[in-house]
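K.L.:
First the structure, which I've put down as structure tokens, then a few questions once you've had a look.
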Amino acid sequence: MTLPAMDKASRKKVHELAAAFGFSSQSKGNGVRRYTTLMKTTRTGIVKEGELKAILKRFRNTFDQLKGTNVAAGLTRIPAEFYVNVSIGGDHWRTSNNPMCSTSGVVEWDDPIDLPLDVSAEANVQIYGSSELGNTVEQGELLHKCSITIAELIEHSRSSRPPERGEIVSSGTSLQVTAEVLSPSDDSEVVHCRAAVTRVDSRADDKLYQPQATLNRQNHIDPKDDHQESPFKRAGRKVKAVLSRVFPGKVSSNLSNIDLDEAIEYHRSAVQLTPGGHPQHSSSLSNLATSLQSRFEQRGDGKDLDEAIEHHRSALQLMPEGHPEHSSSLNNLANALRTRFLQRGDGKDLDEAIEHHQSALQLRPEGHLQRCTSLNNLANALRTRFQQQGDGKDLDEAIEYHKSALQLTPEGHPQHGSSLTILATALLIQFQQQGDGKGLDEAIEHHRSALQLRPEGHPQYYISLGNLACALRTRFQQQGDRKDLDEAIEHHQNALQLIPEGHPQRCILLNNLANALQTRFKQQGDGKDLDEAIEHYQSALQLRPEGHPQRSSSLNNLANALQTQFKQWGDEKDLDEAIEHHRSALQRMPEGHPHHCTALNNFASALQTRFEQQGNGKDLDEAIEHHQSALQLKPDGHPERFSSFNNLANTLWKRFQQQGDGKDLDEAIKHYQSALQLMPEGHPQHSTSLNNLVTVLKKQFQQQGDEKDLDEVLLLSYAAVEQSLTASSHLSAQCNLADLHLVLWRTQHMEQNLLNAIYHYKKAAEFAHANLSRGLWSCQKWIEVAEEHHHMSALDAYTKTLHLLDYHISATTSVQSQHQAQKHFPPDLAVNAASCALRQGDICHAVELLEQGRALHWTQIARFRTSLEHLYSEDPSKEVLVRQFQNLSALLNRRAEVSFTDDKSITKVQAEERYYRNLLEQWNKVVEEIRTLKGFSCFLLPPLFADLQEAACEGPIIILIASEFSCDAIIVLYMQSPIHLPLKITLQELHDLVLQLGHHNQHPQGPDYTVFIEVMGELWKKVIFPVVQKLKGFVRKHSRIWWCPTSVFTALPLHCAGEYKQGGQVLSKLFVSSYTPSVSALIKARTRNAKMTQEITFAAIGQATPDTSDTSIRFPPLHYIDHELDGIEALLPIPSVMFTKVVGSEATRDQALQMLVDNQWLHLSCHGMQVPEEPFKSCLAMADGLVSLLDIINANISTHEFAFLSACETAMGDSSTPDEVIHLAAGLQFMGVKSVIGTLWHVHDEVTYKLVLAFYKEFCKNGTLDCTMAARALHEAVATLAKDGVPLQERAMFVHIGI
């Protein structure tokens, strides 16, 4: 025990007291920080009364407060008021008459009573009940009496002492005396002494409803009597009491939390001091057992619980039948056995507990003070057995006992509220089994009544709030009334606010609120609810560390929520973490554990989800095995047997889909039907089970072709739609109905069936917000059907899908995770949409769809970097709105600043993701408000063609579309109608050209000239020549044109297409080609920035020998870097340019990034690399590390003019998501650089050197720098290389992007 720092005189007193109590004491520390520690010795506990009396004579003692608890319990007539007589020696005191609090059953007296300094003096305390109001000379009825010495009063402060025979005269159950022990300075320390009461199973008191069917559940709260303390706090109390008298106000609060291990040692000593035959031996055993049980509840060590039960058995043997405490001992042993059952699941423990509770009840007949307690304890144990074995008789019997207990605590009784709560809990469980809405309504009414008995400020107010909330959530799940769920969440939130950090019940309240929020998410699809639920589950898990008996429950709850989040957003990190949590939970719930079955189901469900994601058959086989084991643990009559049937059927159906074994299909149908038979219509899960059955019967029809079966399935499917209570289940039901009508169309060929299928896919899309992943899937099915049957709704389907995909990607935190998320969806969605629009004759809409569906990552970044200066300049009154938008945009934009090497815990990543989605929701609301302003109705909406057409003001833009349905070209002209050119080439032919080109690019000896010429010739004939023919009617020869390739076209060097033969036509001799990753990017590049300066700052950065020793990448030295930069410096018009050259060891990563930010004109000569698997890691190699594409994104280069990337693969792109245009050159352009030169593949050092010198010679020939001349300068430089005999395939790699 460590005491706070104190002065020398105070430390001296501590040493005196320590010696009096048999403690060893030692002072440590220096100066004012010197403190004292107390340690046990072999003599600890042997009080030197003489020394103690000498110390205590310096202080004055006073009875300051007396409190009677449950003084009227069991009385047939409640006295009007109560008073206390205190006799010490020849002195007598009587308190005033005070009434009993009607809600708490407590009477308090504040009359001060002086005590003698002699600690051996005895105080006789008596409580009387008076039938008259006010002080009277009449003596009332004696209810309770006790005798206690002053030393005992101090020794037993805030603790229980076994009552002596004859102390309890009437029905009063507890006496609490508060003594104020004052030092001469009048500072006080309150200590308590109370007669012991029988330990009652805490689970028999108020508790929050806990359905046992799933571990994602609402939890019990075990309220403790506000005046009771756990055994470990009692031990050592006498030391604290005396120290408090000597050092009032100076004793640290940590003394009230004496170590639990030390407390148990005190109780063990007490057992040794009262050996067998001693009249207090049984009480000592009970106290030790209680302390051990408390330590088990805190730490979860089963050895403590086993020892506690052993001591309870020994105590019971010492209190045989006929002993006045026999029933209490039975009760204590039964409670401990039930606790062990809840921990380990051994049914023998529970059966024995029930047997002991039944025996205790028989010993407490009508009128017995503790009969109500025994009724509730027995009912709780029976209810627990029902939840394990599913025998409805146990539950019915439990409810009857609860009702009997309620009758014994009528309205006005202090335990009336508790009895109402306990009965309501049992009725809720009965509702879960039988689905009787009347029982549910009755339970809610009981909870409301209990809440009224505990108004705000009542110590158990938060419990009643939580109980009512859980019952309302249950009714919502049955009836679907959103008011019930909203009220439930409000009550849960209020209850949580009433509980401070560190409160023992905070974990349960967090869990209950999270359950309700997750339920609302499943109904309404608001991601904020799910984020908040996960946050609360994580907080609850932190409050249950390793060894905590309920940690497995928290692991399970969090895992379920993460699995739901995975289904919503598709982030595999969530699924992996969920599986790990489920695995940990299952390990903590071995066979025999009461929740082993639930853990099996949950783990199996997560494995099935991962199978659906990754296709590993081992996951599915393991899931089936776990579901089969769970079903065996739920015999006939079990209330949750239907869920195991349903779960097992789901996994069998999945395996059938993978392996095609008809036995799996037949068994799945049988289990689905069994599940439905166990669920009455109106059951919350009925529509889901109907959906499942419809799915497998539909497949059976497709295999067997019996149309009678199909008619039956159709009826079931319509019933599922009508019964759907949540948006998610309605989405599934609509998809099933659409699939069935499609089957009918394919078998009966009636057009109405096709129309019905499309109609229901469209309806399903309306509920896509409930489950984005499933919603996107249903939209893709809609597209598939509409495209297959050439239905006009295909264009609507594409539009809806692109909108949902944009929302899905925008809700993902970082650009890297966005890229990974997009890989789960078809990469050709935008080009297929454009093809659809073209086939329906809408060229303008085709261009709009391409802009909406391509370059989503860059679009998202651009949104958060949008300026609102125009709005503020027009209307300064909108300053607050502008500031909101700017602040939220800045916070969201920072999400791209995630480092590749961040070693963050999953919990921290998830917290950041929730924070991001919360910010995004706020940002969307601000954007919606901006759109209500005049002139801003289209703010940040996908651009219309009229806006996009502005990009063609300096020359035509040719958009090349490569779709599985058609390959097309769209020529966008300024102030003229766009032109559509169907191309006579297929998607497969384009793939073949790319494969040929890709093969020769990877050849160790360099590109093969013959293959390259063949590819360029085929590209010219089928793609470029038709476009050129059309362009000749609109633009002059040698004019500039811009290519905007999509899909496979992005991998082809369009600017080099031609007939490389005598008399053949070549594109480069007709026009000057540039590229743009999107039409919007070109518009942005043409925008003049007001912050631009007239000063030209040019930085040339060269790195020939990068150090990449900390990576697996190795680059050979570059021999022309220095010559290249020297040549650039010589060619630049130096008087008008501020030139900076950084080379060698100075060309570090940080220096390169600084140069990138500080200079509007840039030339980087170094090694470059595209990273196909993670394109945002594409990089330029510097002296000490890599400058990645993500670094470029995070740099402020919005006013930059020009960048020449003299490095390999800087404009190569990502073949898996080509329409996202993720490469270094595009990154520079999207982030603000107006004109960029990059490379399509590997470049040769010497060729690059020659081209760079030729480029800058042409670029600087007029003595000025103009970024709009870069494309023409590159065009001329490439022509110069051709004259010097550089092969076509080596000079074709350089491309210009931008204006």
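Letters for chains follow the order of the structure tokens (A, B, ...), residue numbers begin at 1 for each chain, and ligand numbers begin at 1 in the order shown.
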Please list as a short mmCIF file (atom, residue, chain, number, x, y, z; two decimals) with C-alpha atoms, in the first residue's frame every residue within 8 Å of segment 533-549 of chain A, counting only C-alpha atoms and excluding residues in the same chain fewer than 4 positions away.
P.N.:
```cif
data_model
loop_
_atom_site.label_atom_id
_atom_site.label_comp_id
_atom_site.auth_asym_id
_atom_site.auth_seq_id
_atom_site.Cartn_x
_atom_site.Cartn_y
_atom_site.Cartn_z
CA GLU A 297 -15.78 -11.88 -12.31
CA GLN A 298 -12.99 -9.34 -12.63
CA ARG A 299 -10.24 -11.51 -14.14
CA GLY A 300 -11.96 -14.61 -15.46
CA ASP A 301 -9.66 -17.18 -13.84
CA GLN A 343 -18.63 -19.67 -18.27
CA ARG A 506 -20.21 1.06 -19.57
CA CYS A 507 -19.13 -1.84 -21.74
CA ILE A 508 -22.65 -3.28 -21.82
CA LEU A 510 -21.73 0.60 -25.49
CA ASN A 511 -22.63 -2.82 -26.83
CA LEU A 513 -26.17 1.15 -28.39
CA ALA A 514 -23.98 -0.38 -31.10
CA ASN A 515 -26.54 -3.16 -31.65
CA LEU A 517 -27.26 1.51 -34.50
CA GLN A 518 -26.30 -1.52 -36.57
CA ASP A 529 -24.76 4.48 -38.08
CA SER A 554 -17.22 -8.36 -27.70
CA LEU A 555 -14.94 -10.01 -30.25
CA ASN A 557 -19.98 -8.33 -31.95
CA LEU A 558 -17.15 -6.37 -33.52
CA ALA A 561 -20.15 -5.38 -37.63
CA LEU A 562 -16.91 -5.50 -39.62
CA THR A 907 -8.42 -0.17 -35.32
CA ALA A 911 -11.29 4.99 -37.02
#
```
K.L.:
Enumerate as number ranges by chain all residues of segment 700-851 of chain A assigned to helix (DSSP H, G or I) by DSSP on the backbone, naming them with the chain letters and numbers the document uses.
P.N.:
A: 700-704, 707-723, 727-748, 751-765, 768-770, 772-788, 794-810, 815-822, 829-839, 843-851
K.L.:
Nearest residue to Val1187 of chain A out of A:Val1171, A:Ala123, A:Leu1153, A:Leu330, using only C-alpha atoms?
P.N.:
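Of A:Val1171, A:Ala123, A:Leu1153, A:Leu330, the one nearest Val1187 of chain A, counting only C-alpha atoms, is A:Leu1153.
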K.L.:
With only C-alpha atoms as the counted atoms, please give the residues lying no more than 7 Å from segment 447-461 of chain A, apart from itself and same-chain residues fewer than 2 positions off, as a list in words.
P.N.:
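Here the qualifying residues turn out to be Thr103, Gly417, Leu420, Thr421, Ala424, Ala443, Ile444, Glu445, Ile463, Ser464, Leu465, Asn467 and Leu468 of chain A.
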K.L.:
Skip segment 606-613 of chain A itself and residues of its chain fewer than 2 positions away, then list as a VMD selection string all residues within 7 Å of it, counting only C-alpha atoms.
P.N.:
chain A and resid 563 579 602 to 604 615 to 617 619 to 620 623 651
